[in-house]
>>> print(open('data-v3.txt').read())   # compact mmCIF, C-alpha atoms
# COMPACT_ATOMS: atom_id res chain seq x y z
CA MET Y 1 26.13 -14.28 73.70
CA THR Y 2 22.72 -16.00 73.76
CA TYR Y 3 19.76 -13.63 73.87
CA PRO Y 4 16.62 -14.57 75.81
CA PHE Y 5 14.79 -12.19 73.47
CA ASP Y 6 12.10 -12.97 70.96
CA ILE Y 7 9.31 -10.79 69.66
CA GLU Y 8 6.74 -12.39 71.95
CA GLN Y 9 8.74 -11.15 74.94
CA ILE Y 10 9.01 -7.61 73.60
CA PHE Y 11 5.36 -7.52 72.56
CA PRO Y 12 3.71 -9.97 74.99
CA ALA Y 13 0.25 -10.82 73.69
CA GLU Y 14 -2.42 -12.96 75.28
CA SER Y 15 -5.01 -12.69 72.51
CA VAL Y 16 -2.88 -12.98 69.35
CA ARG Y 17 0.02 -15.16 68.30
CA LEU Y 18 2.91 -12.96 67.30
CA PRO Y 19 5.67 -14.66 65.30
CA ARG Y 20 8.89 -15.76 66.87
CA ARG Y 21 11.87 -13.63 65.99
CA GLN Y 22 14.37 -15.23 63.63
CA ALA Y 23 18.02 -14.36 63.06
CA GLY Y 24 18.33 -11.50 60.58
CA GLY Y 25 14.68 -10.48 60.85
CA SER Y 26 11.95 -12.70 59.43
CA PRO Y 27 9.48 -11.30 56.85
CA GLN Y 28 6.72 -11.50 59.45
CA ASP Y 29 8.86 -9.63 61.96
CA LEU Y 30 9.65 -6.93 59.39
CA THR Y 31 5.99 -6.63 58.45
CA LEU Y 32 5.00 -6.06 62.05
CA THR Y 33 7.75 -3.53 62.62
CA LEU Y 34 6.76 -1.55 59.53
CA LEU Y 35 3.08 -1.51 60.40
CA ALA Y 36 3.81 -0.66 64.03
CA ASP Y 37 6.11 2.22 63.03
CA TYR Y 38 3.65 3.90 60.66
CA THR Y 39 0.10 2.72 61.43
CA ALA Y 40 -0.13 1.38 65.02
CA TYR Y 41 -1.64 4.60 66.38
CA THR Y 42 -3.73 5.52 63.33
CA GLY Y 43 -5.34 2.16 62.50
CA ALA Y 44 -4.63 2.77 58.81
CA TRP Y 45 -5.44 0.15 56.19
CA LEU Y 46 -2.61 -0.40 53.68
CA PRO Y 47 -2.92 -2.01 50.25
CA SER Y 48 -1.26 -5.41 50.21
CA ALA Y 49 0.78 -4.29 47.20
CA ALA Y 50 2.20 -1.37 49.22
CA ILE Y 51 3.22 -3.67 52.06
CA VAL Y 52 4.89 -6.02 49.57
CA ALA Y 53 6.72 -3.07 47.97
CA LEU Y 54 8.01 -1.80 51.31
CA LEU Y 55 9.19 -5.28 52.28
CA ALA Y 56 10.93 -5.62 48.90
CA GLU Y 57 13.02 -2.58 49.82
CA ALA Y 58 14.11 -4.50 52.91
CA GLY Y 59 15.21 -7.45 50.78
CA VAL Y 60 12.12 -9.63 51.11
CA SER Y 61 10.99 -11.40 47.93
CA THR Y 62 7.47 -10.85 46.62
CA ALA Y 63 6.53 -14.44 47.46
CA GLY Y 64 8.03 -14.14 50.95
CA ALA Y 65 6.22 -10.87 51.61
CA ARG Y 66 2.85 -12.20 50.50
CA ALA Y 67 3.33 -15.35 52.56
CA ALA Y 68 4.25 -13.29 55.65
CA VAL Y 69 1.18 -11.08 55.34
CA SER Y 70 -1.07 -14.09 54.74
CA ARG Y 71 0.28 -15.93 57.79
CA LEU Y 72 -0.12 -12.90 60.03
CA ALA Y 73 -3.73 -12.57 58.87
CA ARG Y 74 -4.41 -16.24 59.56
CA ARG Y 75 -3.03 -15.82 63.07
CA GLY Y 76 -5.33 -12.87 63.72
CA VAL Y 77 -2.46 -10.37 63.92
CA LEU Y 78 -3.70 -8.54 60.81
CA ASP Y 79 -7.23 -7.73 59.71
CA ALA Y 80 -7.98 -8.12 55.99
CA GLY Y 81 -10.52 -6.19 53.95
CA ARG Y 82 -11.43 -5.35 50.36
CA GLN Y 83 -11.42 -1.88 48.86
CA GLY Y 84 -12.55 -2.22 45.28
CA ARG Y 85 -10.47 -4.90 43.66
CA ASN Y 86 -7.61 -4.61 46.12
CA THR Y 87 -6.98 -6.35 49.43
CA HIS Y 88 -5.98 -4.07 52.29
CA TYR Y 89 -4.56 -4.98 55.70
CA ARG Y 90 -4.25 -3.30 59.05
CA LEU Y 91 -3.06 -4.33 62.49
CA ALA Y 92 -5.80 -6.11 64.40
CA PRO Y 93 -6.82 -4.02 67.44
CA ALA Y 94 -5.40 -6.53 69.93
CA ALA Y 95 -2.09 -6.71 68.06
CA ALA Y 96 -1.92 -2.93 67.77
CA ALA Y 97 -2.48 -2.58 71.51
CA ASP Y 98 0.30 -5.06 72.24
CA LEU Y 99 2.67 -3.31 69.85
CA VAL Y 100 1.89 0.07 71.40
CA ALA Y 101 2.60 -1.38 74.87
CA GLY Y 102 5.83 -2.86 73.57
CA GLY Y 103 6.82 0.47 72.05
CA ARG Y 104 6.24 2.21 75.36
CA TRP Y 105 8.45 -0.38 77.08
CA ILE Y 106 11.24 0.13 74.52
CA ALA Y 107 11.11 3.92 74.70
CA SER Y 108 11.01 4.02 78.50
CA TYR Y 109 14.05 1.76 78.77
CA GLY Y 110 16.92 3.65 80.35
CA THR Y 111 14.78 6.48 81.75
CA ASP Y 112 13.82 5.03 85.12
CA ALA Y 113 16.71 5.93 87.42
CA GLU Y 114 16.28 4.20 90.76
CA THR Y 115 17.74 4.49 94.22
CA TRP Y 116 18.92 1.20 95.64
CA ASP Y 117 18.79 -0.03 99.23
CA ASP Y 118 21.62 -2.59 98.76
CA ARG Y 119 19.20 -5.47 99.02
CA TRP Y 120 18.57 -8.17 96.45
CA THR Y 121 15.38 -10.02 95.60
CA LEU Y 122 16.03 -13.75 95.47
CA LEU Y 123 13.60 -16.13 93.84
CA ALA Y 124 14.01 -19.87 94.36
CA PHE Y 125 11.91 -22.46 92.60
CA SER Y 126 11.64 -26.22 92.47
CA LEU Y 127 10.15 -28.01 89.48
CA PRO Y 128 10.36 -31.67 88.44
CA GLN Y 129 12.92 -32.36 85.73
CA GLU Y 130 10.17 -33.56 83.41
CA ALA Y 131 8.34 -30.17 83.64
CA THR Y 132 10.37 -28.80 80.73
CA THR Y 133 7.69 -26.52 79.30
CA GLN Y 134 6.81 -25.05 82.68
CA ARG Y 135 10.47 -24.51 83.53
CA ARG Y 136 11.11 -22.73 80.22
CA ALA Y 137 8.07 -20.50 80.68
CA LEU Y 138 9.14 -19.56 84.20
CA ARG Y 139 12.66 -18.70 83.08
CA ASN Y 140 11.34 -16.58 80.20
CA HIS Y 141 9.13 -14.64 82.62
CA LEU Y 142 12.05 -14.10 84.98
CA ARG Y 143 14.34 -12.86 82.22
CA TRP Y 144 11.62 -10.53 81.02
CA MET Y 145 11.48 -9.04 84.53
CA GLY Y 146 15.25 -8.51 84.67
CA TYR Y 147 16.19 -11.56 86.77
CA ALA Y 148 19.22 -13.75 86.13
CA PRO Y 149 20.27 -17.16 87.44
CA LEU Y 150 22.88 -16.99 90.19
CA TYR Y 151 22.44 -20.76 90.42
CA ASP Y 152 20.21 -23.05 88.38
CA ALA Y 153 17.09 -22.57 90.50
CA LEU Y 154 18.03 -19.35 92.33
CA TRP Y 155 17.39 -16.17 90.36
CA ILE Y 156 18.13 -12.64 91.54
CA SER Y 157 17.37 -8.99 90.88
CA PRO Y 158 18.28 -5.76 92.70
CA ARG Y 159 14.67 -4.52 92.39
CA GLU Y 160 11.75 -5.24 94.67
CA PHE Y 161 9.33 -7.90 93.56
CA SER Y 162 6.14 -6.25 92.38
CA GLU Y 163 2.55 -7.40 92.59
CA GLN Y 164 2.44 -7.36 88.79
CA ALA Y 165 5.41 -9.69 88.65
CA TRP Y 166 3.77 -12.06 91.12
CA THR Y 167 0.58 -12.11 89.05
CA ALA Y 168 2.62 -13.05 85.98
CA LEU Y 169 4.46 -15.84 87.76
CA THR Y 170 1.45 -17.39 89.43
CA GLY Y 171 0.07 -18.06 85.98
CA VAL Y 172 3.12 -20.22 85.31
CA THR Y 173 3.84 -21.96 88.61
CA PRO Y 174 1.84 -20.79 91.65
CA ASP Y 175 3.14 -23.29 94.23
CA ALA Y 176 6.81 -23.81 93.39
CA VAL Y 177 8.36 -20.39 94.09
CA THR Y 178 9.79 -18.75 97.22
CA ILE Y 179 10.77 -15.06 97.22
CA PHE Y 180 12.76 -13.08 99.78
CA ARG Y 181 14.88 -9.92 100.07
CA ALA Y 182 18.37 -9.93 101.52
CA GLN Y 183 21.72 -8.18 101.59
CA HIS Y 184 24.81 -9.82 100.20
CA VAL Y 185 27.51 -10.73 102.73
CA ASP Y 186 31.09 -11.34 101.60
CA LEU Y 187 32.53 -14.44 103.16
CA MET Y 188 35.74 -13.95 105.11
CA ASN Y 189 37.78 -16.04 102.67
CA GLY Y 190 36.28 -14.27 99.65
CA SER Y 191 34.81 -17.49 98.23
CA GLY Y 192 31.36 -17.88 96.80
CA ARG Y 193 29.62 -16.19 93.88
CA HIS Y 194 28.87 -12.48 93.97
CA PRO Y 195 25.32 -11.58 92.87
CA LEU Y 196 26.72 -9.67 89.89
CA ASP Y 197 28.15 -12.94 88.61
CA ALA Y 198 24.63 -13.80 87.47
CA TRP Y 199 25.09 -11.34 84.58
CA ASP Y 200 27.80 -11.22 81.95
CA ILE Y 201 28.49 -7.51 82.33
CA ASP Y 202 31.37 -7.55 79.82
CA ALA Y 203 29.19 -9.18 77.15
CA ILE Y 204 26.41 -6.64 77.69
CA ALA Y 205 28.93 -3.80 77.46
CA ALA Y 206 30.24 -5.25 74.20
CA GLN Y 207 26.71 -5.21 72.76
CA TYR Y 208 26.35 -1.54 73.64
CA ASP Y 209 29.71 -0.80 72.07
CA ALA Y 210 28.78 -2.63 68.87
CA PHE Y 211 25.47 -0.74 68.71
CA LEU Y 212 27.23 2.62 69.01
CA GLN Y 213 29.89 1.71 66.46
CA ARG Y 214 27.13 0.78 64.00
CA TRP Y 215 24.93 3.84 64.47
CA LEU Y 216 27.08 6.79 65.57
CA PRO Y 217 28.54 7.28 62.06
CA VAL Y 218 25.00 7.60 60.67
CA VAL Y 219 24.06 10.62 62.82
CA PRO Y 220 26.01 13.29 60.85
CA ASP Y 221 24.32 12.22 57.59
CA ILE Y 222 20.93 12.43 59.29
CA ARG Y 223 21.62 15.94 60.55
CA ALA Y 224 22.77 16.93 57.08
CA GLU Y 225 19.52 15.48 55.64
CA GLN Y 226 21.48 13.19 53.36
CA VAL Y 227 19.53 9.96 54.01
CA PRO Y 228 16.97 9.20 51.26
CA GLY Y 229 13.51 7.88 52.09
CA PRO Y 230 14.02 4.15 51.41
CA ASP Y 231 17.23 4.15 53.45
CA ALA Y 232 15.46 6.04 56.25
CA VAL Y 233 12.72 3.41 56.48
CA ARG Y 234 15.26 0.58 56.53
CA ALA Y 235 17.44 2.30 59.14
CA ARG Y 236 14.51 2.98 61.49
CA THR Y 237 13.40 -0.63 61.21
CA GLU Y 238 16.92 -1.90 61.85
CA ILE Y 239 17.71 0.37 64.78
CA ILE Y 240 14.51 -0.27 66.74
CA ASP Y 241 15.01 -3.99 66.16
CA ALA Y 242 18.54 -3.73 67.57
CA TYR Y 243 17.76 -1.32 70.41
CA ARG Y 244 14.80 -3.21 71.83
CA ARG Y 245 17.07 -6.17 72.63
CA PHE Y 246 18.75 -4.12 75.35
CA SER Y 247 15.54 -4.08 77.38
CA THR Y 248 16.05 -7.81 78.02
CA ILE Y 249 19.82 -8.32 77.91
CA ASP Y 250 20.50 -5.34 80.22
CA PRO Y 251 18.74 -5.91 83.57
CA ARG Y 252 18.87 -2.18 84.47
CA LEU Y 253 21.19 -2.72 87.39
CA PRO Y 254 21.68 0.27 89.71
CA ASP Y 255 24.44 2.63 88.62
CA LYS Y 256 26.53 1.85 91.69
CA LEU Y 257 26.82 -1.77 90.55
CA LEU Y 258 27.97 -0.93 87.04
CA PRO Y 259 31.44 -0.12 85.75
CA GLU Y 260 32.27 3.52 85.11
CA GLY Y 261 31.28 4.75 81.67
CA TRP Y 262 28.34 2.38 81.22
CA LEU Y 263 26.94 2.97 77.71
CA ARG Y 264 23.21 2.66 78.36
CA GLN Y 265 22.51 6.40 78.10
CA PRO Y 266 24.75 7.00 75.05
CA ALA Y 267 22.97 4.12 73.30
CA ARG Y 268 19.58 5.63 74.14
CA ASP Y 269 20.72 9.04 72.85
CA VAL Y 270 21.88 7.57 69.54
CA PHE Y 271 18.71 5.53 69.17
CA ALA Y 272 16.59 8.69 69.60
CA ALA Y 273 18.80 10.67 67.22
CA VAL Y 274 18.44 8.08 64.46
CA TYR Y 275 14.83 7.02 65.02
CA ASP Y 276 13.49 10.57 65.39
CA GLY Y 277 15.91 12.15 62.94
CA LEU Y 278 14.74 9.85 60.13
CA ALA Y 279 11.03 10.09 60.93
CA ALA Y 280 10.23 12.79 58.36
CA PRO Y 281 11.93 11.27 55.28
CA ALA Y 282 10.71 7.79 56.24
CA GLU Y 283 7.11 8.95 56.62
CA GLN Y 284 7.27 10.81 53.31
CA HIS Y 285 8.56 7.69 51.56
CA VAL Y 286 5.96 5.36 53.09
CA ARG Y 287 3.25 7.80 52.04
CA ALA Y 288 4.60 7.82 48.48
CA VAL Y 289 4.71 4.01 48.27
CA VAL Y 290 1.18 3.69 49.65
CA ALA Y 291 -0.13 6.39 47.31
CA ALA Y 292 1.39 4.59 44.32
CA HIS Y 293 -0.72 1.52 45.13
CA SER Y 294 -3.94 3.27 46.23
CA SER Y 295 -6.89 4.49 44.24
CA GLY Y 296 -8.89 6.01 47.08
CA ALA Y 297 -8.17 8.46 49.88
CA GLU Y 298 -4.67 8.29 51.28
CA PRO Y 299 -4.58 6.47 54.64
CA ARG Y 300 -3.21 8.30 57.65
CA ILE Y 301 0.47 7.42 57.83
CA HIS Y 302 2.51 8.63 60.79
CA ALA Y 303 6.15 7.84 61.59
CA ASN Y 304 6.37 7.27 65.32
CA THR Y 305 8.88 9.23 67.37
CA VAL Y 306 10.31 8.26 70.74
CA GLY Y 307 7.85 10.73 72.25
CA ASP Y 308 4.94 8.95 70.58
CA LEU Y 309 6.16 5.60 71.88
CA LEU Y 310 6.39 6.95 75.43
CA LEU Y 311 2.88 8.42 75.27
CA GLY Y 312 1.36 5.34 73.70
CA ARG Y 313 -0.48 7.65 71.30
CA LEU Y 314 0.19 10.38 68.77
CA SER Y 315 1.64 13.55 70.21
CA ASP Y 316 0.34 15.86 67.48
>>> encode(input="data-v3.txt", output="structure tokens")
Amino acid sequence: MTYPFDIEQIFPAESVRLPRRQAGGSPQDLTLTLLADYTAYTGAWLPSAAIVALLAEAGVSTAGARAAVSRLARRGVLDAGRQGRNTHYRLAPAAAADLVAGGRWIASYGTDAETWDDRWTLLAFSLPQEATTQRRALRNHLRWMGYAPLYDALWISPREFSEQAWTALTGVTPDAVTIFRAQHVDLMNGSGRHPLDAWDIDAIAAQYDAFLQRWLPVVPDIRAEQVPGPDAVRARTEIIDAYRRFSTIDPRLPDKLLPEGWLRQPARDVFAAVYDGLAAPAEQHVRAVVAAHSSGAEPRIHANTVGDLLLGRLSD
């Protein structure tokens, strides 16, 4: 299955250039996830050596870690500063704000149950074949909003089209889009595409199933407090990276359109159990790594919970 997801879609930023996601997690992607998980709400400065050490535990070489941090700083995603002889980094305010907004989007995914009036929003557009960049940008926006292509230039969603969505689209193509709401009518001979054919429901279900098979076996060890700190940090990074993809591959179709036993809620429950259940040992480990590379006061490290992500701030 091809994902429309990259990190710029999960953390959409106008003022900073966040790195594109790469298969397996790029060093820049891992750096951002680590800093977002433990410093996004506190604004803490971390010694560069501590960041490199944490990335090494995730399998990133020293050279790769230093290059990732340097590139993020050049892009304005990280601020750099000196404390004594050591270089420290923190998330730039604009990047931190984008990451906090992205975290809220991830955590709220699956919580917004909706009633449905049986009507679909249809969005038709017409762009010249040579407008490749504009066409790609429009499609990315539509996927981000939960739309899918029923036909090449006809995209649909069961939700109403919001003013916010219109504002986003007009920045891409203000004069080439028509939007309307309608009910689906089955033709008498049963021919024609059903609106649900725009999504590969079986493929999405398979992704949920794979997620649960990967993470359900971890939960008993977490409850038994048998996951050491380094493993806790790696697991939290891995699971939020995996879980946030569902916010783009699953369009949040109404329950009545989905097959029985849809795994969205079980996946959310397992995500919360792992992410929150490992918060304490992960935070303790990050604190220890930072302290080992610091000579001054210990920066404020805080392992986010799902509740923190939903609030967009610390809950304590």
>>> closest_atom_pairs(input="data-v3.txt", of="range 12-82 of chain Y", to="range 220-234 of chain Y", cutoff="9 Å", atoms="all atoms listed in the file", output="Markdown table")
| residue | atom | partner | partner_atom | distance |
| --- | --- | --- | --- | --- |
| Y:Leu34 | CA | Y:Val233 | CA | 8.3 |
| Y:Leu54 | CA | Y:Pro230 | CA | 8.5 |
| Y:Glu57 | CA | Y:Pro230 | CA | 7.0 |
| Y:Ala58 | CA | Y:Arg234 | CA | 6.3 |
>>> residues_around(input="data-v3.txt", residues="Asp202 in chain Y", least_positions_apart="5", cutoff="12 Å", atoms="only C-alpha atoms", output="list in words")
Met1, Leu196, Asp197, Gln207, Tyr208, Asp209, Ile249, Asp250, Leu258, Pro259, Trp262 and Leu263 of chain Y
>>> residues_around(input="data-v3.txt", residues="Arg90 in chain Y", least_positions_apart="6", cutoff="12 Å", atoms="only C-alpha atoms", output="JSON, numbers by chain")
{"Y": [31, 32, 34, 35, 36, 38, 39, 40, 41, 42, 43, 44, 45, 46, 47, 48, 50, 51, 69, 72, 73, 76, 77, 78, 79, 80, 81, 82, 96, 299, 300, 301]}
>>> atom_distance(input="data-v3.txt", atom1="CA of Arg104 in chain Y", atom2="CA of Asn304 in chain Y")
11.2 Å
>>> atom_distance(input="data-v3.txt", atom1="CA of Asp186 in chain Y", atom2="CA of Phe125 in chain Y")
23.9 Å
>>> closest_residue(input="data-v3.txt", among="Y:Phe161, Y:Arg287, Y:Tyr243, Y:Ser295", to="Ser108 in chain Y", atoms="only C-alpha atoms")
Y:Tyr243
>>> closest_residue(input="data-v3.txt", among="Y:Ala137, Y:Leu142, Y:Ala124, Y:Phe246", to="Phe180 in chain Y", atoms="all atoms listed in the file")
Y:Ala124
>>> residues_near_point(input="data-v3.txt", point="(23.4, 8.6, 78.3)", cutoff="12 Å", atoms="only C-alpha atoms", output="PyMOL selection string")
chain Y and resi 109-111+113+208+212+255+261-272
>>> closest_residue(input="data-v3.txt", among="Y:Ala53, Y:Ala303, Y:Arg236, Y:Arg252", to="Tyr147 in chain Y", atoms="all atoms listed in the file")
Y:Arg252
>>> atom_distance(input="data-v3.txt", atom1="CA of Val60 in chain Y", atom2="CA of Gln284 in chain Y")
21.1 Å
>>> closest_residue(input="data-v3.txt", among="Y:His194, Y:Pro158, Y:Val218, Y:Ala176", to="Asp118 in chain Y", atoms="all atoms listed in the file")
Y:Pro158
>>> closest_residue(input="data-v3.txt", among="Y:Gln28, Y:Ala292, Y:Arg214, Y:Leu253", to="Arg71 in chain Y", atoms="only C-alpha atoms")
Y:Gln28
>>> closest_residue(input="data-v3.txt", among="Y:Arg159, Y:Ala49, Y:Thr33, Y:Leu99", to="Val290 in chain Y", atoms="all atoms listed in the file")
Y:Ala49
>>> residues_near_point(input="data-v3.txt", point="(28.1, -22.3, 89.4)", cutoff="12 Å", atoms="all atoms listed in the file", output="list in words")
Pro149, Leu150, Tyr151, Asp152, Ala153, Leu154, Gly192, Arg193, His194, Pro195, Asp197 and Ala198 of chain Y
